[in-house]
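**Q** Handing over model_7.pdb, PDB, C-alpha atoms, pLDDT in the B column.
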```pdb
ATOM      1  CA  MET L1373      65.684  99.477  99.780  1.00 84.00           C
ATOM      2  CA  PRO L1374      65.849 102.784  97.874  1.00 89.00           C
ATOM      3  CA  ALA L1375      69.046 104.158  96.395  1.00 93.00           C
ATOM      4  CA  GLN L1376      71.128 106.602  98.405  1.00 94.00           C
ATOM      5  CA  LYS L1377      71.989 109.880  96.632  1.00 96.00           C
ATOM      6  CA  VAL L1378      75.721 110.584  96.861  1.00 96.00           C
ATOM      7  CA  ARG L1379      78.346 112.626  95.057  1.00 97.00           C
ATOM      8  CA  ARG L1380      81.713 111.363  93.801  1.00 97.00           C
ATOM      9  CA  VAL L1381      84.599 113.820  93.831  1.00 98.00           C
ATOM     10  CA  THR L1382      87.585 113.114  91.589  1.00 98.00           C
ATOM     11  CA  ILE L1383      90.686 115.301  91.862  1.00 97.00           C
ATOM     12  CA  TYR L1384      93.537 115.065  89.339  1.00 95.00           C
ATOM     13  CA  VAL L1385      96.980 115.972  90.694  1.00 93.00           C
ATOM     14  CA  ASN L1386     100.543 114.678  90.391  1.00 89.00           C
ATOM     15  CA  GLU L1387     103.159 113.387  92.802  1.00 88.00           C
ATOM     16  CA  ALA L1388     105.061 116.674  92.862  1.00 88.00           C
ATOM     17  CA  ASP L1389     102.073 118.752  94.035  1.00 93.00           C
ATOM     18  CA  ALA L1390     102.371 119.990  97.612  1.00 96.00           C
ATOM     19  CA  TRP L1391     100.293 121.746 100.272  1.00 98.00           C
ATOM     20  CA  HIS L1392     102.373 123.660 102.830  1.00 97.00           C
ATOM     21  CA  GLY L1393     105.455 121.639 101.909  1.00 97.00           C
ATOM     22  CA  LYS L1394     103.789 118.230 102.268  1.00 97.00           C
ATOM     23  CA  PRO L1395     102.496 115.863  99.551  1.00 96.00           C
ATOM     24  CA  LEU L1396      99.164 117.273  98.385  1.00 97.00           C
ATOM     25  CA  HIS L1397      97.428 113.921  97.939  1.00 97.00           C
ATOM     26  CA  LEU L1398      98.167 112.909 101.541  1.00 97.00           C
ATOM     27  CA  GLU L1399      97.145 116.305 102.890  1.00 98.00           C
ATOM     28  CA  VAL L1400      93.832 116.082 101.002  1.00 98.00           C
ATOM     29  CA  LEU L1401      93.163 112.665 102.576  1.00 98.00           C
ATOM     30  CA  ARG L1402      94.056 113.992 106.032  1.00 98.00           C
ATOM     31  CA  PHE L1403      91.731 116.962 105.537  1.00 98.00           C
ATOM     32  CA  LEU L1404      88.844 114.747 104.389  1.00 97.00           C
ATOM     33  CA  GLN L1405      89.343 112.427 107.364  1.00 97.00           C
ATOM     34  CA  LYS L1406      89.496 115.339 109.807  1.00 97.00           C
ATOM     35  CA  GLU L1407      86.263 116.735 108.353  1.00 97.00           C
ATOM     36  CA  GLY L1408      84.435 113.428 108.853  1.00 96.00           C
ATOM     37  CA  CYS L1409      84.117 112.414 105.222  1.00 95.00           C
ATOM     38  CA  ALA L1410      83.169 108.799 104.512  1.00 90.00           C
ATOM     39  CA  GLY L1411      86.558 107.808 103.029  1.00 91.00           C
ATOM     40  CA  GLY L1412      88.987 108.498 100.230  1.00 95.00           C
ATOM     41  CA  THR L1413      91.417 106.775  97.906  1.00 97.00           C
ATOM     42  CA  VAL L1414      94.489 107.837  95.929  1.00 97.00           C
ATOM     43  CA  LEU L1415      95.156 105.994  92.678  1.00 96.00           C
ATOM     44  CA  ARG L1416      98.553 106.216  90.966  1.00 91.00           C
ATOM     45  CA  GLY L1417      98.568 106.530  87.200  1.00 88.00           C
ATOM     46  CA  SER L1418     101.181 104.838  85.059  1.00 83.00           C
ATOM     47  CA  ALA L1419     100.961 107.556  82.397  1.00 82.00           C
ATOM     48  CA  GLY L1420      99.167 110.810  81.684  1.00 82.00           C
ATOM     49  CA  PHE L1421      99.213 114.217  80.035  1.00 77.00           C
ATOM     50  CA  THR L1422      97.839 117.708  80.599  1.00 73.00           C
ATOM     51  CA  LYS L1423      96.911 120.742  78.516  1.00 73.00           C
ATOM     52  CA  ALA L1424     100.638 121.466  78.315  1.00 69.00           C
ATOM     53  CA  GLY L1425     100.893 118.345  76.151  1.00 67.00           C
ATOM     54  CA  VAL L1426     103.601 116.594  78.153  1.00 68.00           C
ATOM     55  CA  VAL L1427     103.068 112.829  78.362  1.00 72.00           C
ATOM     56  CA  THR L1428     104.545 111.252  81.484  1.00 72.00           C
ATOM     57  CA  THR L1429     105.136 107.508  81.426  1.00 69.00           C
ATOM     58  CA  SER L1430     107.714 106.424  84.011  1.00 63.00           C
ATOM     59  CA  LEU L1431     109.651 107.544  87.042  1.00 55.00           C
ATOM     60  CA  VAL L1432     112.736 108.021  84.860  1.00 55.00           C
ATOM     61  CA  ASP L1433     110.882 110.425  82.540  1.00 53.00           C
ATOM     62  CA  THR L1434     108.941 112.361  85.148  1.00 50.00           C
ATOM     63  CA  GLY L1435     111.210 112.979  88.085  1.00 61.00           C
ATOM     64  CA  GLY L1436     108.366 112.078  90.453  1.00 64.00           C
ATOM     65  CA  LYS L1437     105.538 113.736  88.540  1.00 76.00           C
ATOM     66  CA  LEU L1438     103.345 110.742  87.757  1.00 84.00           C
ATOM     67  CA  PRO L1439      99.608 111.447  87.789  1.00 89.00           C
ATOM     68  CA  LEU L1440      97.528 110.752  90.882  1.00 93.00           C
ATOM     69  CA  VAL L1441      93.749 110.595  91.165  1.00 96.00           C
ATOM     70  CA  ILE L1442      92.086 111.285  94.507  1.00 98.00           C
ATOM     71  CA  GLU L1443      88.511 109.999  94.805  1.00 98.00           C
ATOM     72  CA  TYR L1444      85.919 110.053  97.506  1.00 97.00           C
ATOM     73  CA  ILE L1445      82.166 109.567  97.703  1.00 96.00           C
ATOM     74  CA  ASP L1446      79.980 111.268 100.279  1.00 96.00           C
ATOM     75  CA  ALA L1447      76.628 112.936 100.851  1.00 96.00           C
ATOM     76  CA  PRO L1448      76.125 115.968  98.587  1.00 97.00           C
ATOM     77  CA  GLU L1449      75.860 118.281 101.619  1.00 97.00           C
ATOM     78  CA  GLN L1450      79.206 117.065 102.984  1.00 97.00           C
ATOM     79  CA  VAL L1451      80.880 117.489  99.586  1.00 97.00           C
ATOM     80  CA  GLU L1452      79.594 121.059  99.281  1.00 98.00           C
ATOM     81  CA  ARG L1453      80.751 121.855 102.821  1.00 97.00           C
ATOM     82  CA  VAL L1454      84.391 120.826 102.227  1.00 98.00           C
ATOM     83  CA  LEU L1455      84.676 121.802  98.549  1.00 98.00           C
ATOM     84  CA  PRO L1456      85.800 125.430  99.082  1.00 98.00           C
ATOM     85  CA  HIS L1457      88.822 124.328 101.111  1.00 98.00           C
ATOM     86  CA  LEU L1458      89.622 121.525  98.652  1.00 98.00           C
ATOM     87  CA  ARG L1459      89.603 124.051  95.814  1.00 98.00           C
ATOM     88  CA  GLU L1460      92.036 126.202  97.781  1.00 98.00           C
ATOM     89  CA  MET L1461      94.293 123.202  98.428  1.00 98.00           C
ATOM     90  CA  VAL L1462      94.472 121.928  94.831  1.00 97.00           C
ATOM     91  CA  GLY L1463      94.742 125.321  93.135  1.00 95.00           C
ATOM     92  CA  ASN L1464      94.466 125.029  89.359  1.00 92.00           C
ATOM     93  CA  ARG L1465      94.153 121.222  89.353  1.00 93.00           C
ATOM     94  CA  LEU L1466      90.986 119.627  87.994  1.00 94.00           C
ATOM     95  CA  ILE L1467      88.113 118.641  90.309  1.00 97.00           C
ATOM     96  CA  ALA L1468      85.196 116.665  88.822  1.00 98.00           C
ATOM     97  CA  LEU L1469      81.876 116.063  90.598  1.00 98.00           C
ATOM     98  CA  GLU L1470      79.365 113.339  89.724  1.00 98.00           C
ATOM     99  CA  ASP L1471      75.976 112.637  91.248  1.00 98.00           C
ATOM    100  CA  LEU L1472      75.475 108.908  91.858  1.00 96.00           C
ATOM    101  CA  GLU L1473      72.980 106.503  93.348  1.00 95.00           C
ATOM    102  CA  LEU L1474      74.284 103.815  95.677  1.00 91.00           C
ATOM    103  CA  TYR L1475      72.378 100.580  96.107  1.00 90.00           C
ATOM    104  CA  PRO L1476      73.112  98.545  99.246  1.00 79.00           C
TER     105      PRO L1476
END
```
Translate the structure of the given file into structure tokens.
**A**
Amino acid sequence: MPAQKVRRVTIYVNEADAWHGKPLHLEVLRFLQKEGCAGGTVLRGSAGFTKAGVVTTSLVDTGGKLPLVIEYIDAPEQVERVLPHLREMVGNRLIALEDLELYP
């Protein structure tokens, strides 16, 4: 069976990020589900840093600002369709796109 062409979207945020007063990572998942995307996952980082140079390592140090990574994989057309709204939701946070081949 031939490989399926898909695109992985990775979004880097933190626990303190919000969309209309609600946790951003959960609102992104709700949006993706509502739009019929194949699925999504949020991964919690134990440490991280940004261009600002601040390294976060624990709940005590960060005050709830640990890094989160949102990932989902879908058809390239679906990714392109929802990407403008995702960019609006995450603001200046990083979004990375990768083209992949899935083998059943």
**Q** Quick one: of L:Trp1391, L:Tyr1444, L:Tyr1475, L:Phe1421, who's nearest to Gly1408 (chain L), counting only C-alpha atoms?
**A** L:Tyr1444
**Q** What does the PyMOL selection byres ((chain L and resi 1398) around 12) select in this file, as JSON, numbers by chain?
**A** {"L": [1385, 1386, 1387, 1388, 1389, 1390, 1391, 1392, 1393, 1394, 1395, 1396, 1397, 1399, 1400, 1401, 1402, 1403, 1404, 1405, 1412, 1413, 1414, 1415, 1440, 1441, 1442, 1461, 1462]}
**Q** Report the distance between CA of Asp1471 (chain L) and CA of Val1381 (chain L) in Å, rounded to one decimal place.
**A**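 These atoms are spaced 9.1 Å apart.
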**Q** Between CA of Val1378 (chain L) and CA of Ala1468 (chain L), what distance in Å does the model show, to one decimal?
**A**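 These atoms are spaced 13.8 Å apart.
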**Q** How many Å lie between CA of Glu1443 (chain L) and CA of Thr1382 (chain L), rounded to one decimal?
**A**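 Atom-to-atom, CA of Glu1443 (chain L) and CA of Thr1382 (chain L) are spaced 4.6 Å apart.
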**Q** Return as JSON the centre and edge lengths, in Å with one decimal, of the box along x, y and z that encloses every atom of region 1442-1457 of chain L in the file, padded by 8 Å per side.
**A**
```
{"center_x": 84.0, "center_y": 117.5, "center_z": 98.7, "size_x": 32.2, "size_y": 31.9, "size_z": 24.5}
```
**Q** Looking at all atoms listed in the file, which of L:Cys1409, L:Val1451, L:Pro1374, L:Asp1446 is the one that sits closest to Ile1467 (chain L)?
**A** L:Val1451
**Q** From the set L:Ile1383, L:Leu1474, L:Lys1423, L:Thr1428, which residue has the shortest atom-to-atom contact distance to Leu1455 (chain L), counting all atoms listed in the file?
**A**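 So, comparing all the options, the nearest one is L:Ile1383.
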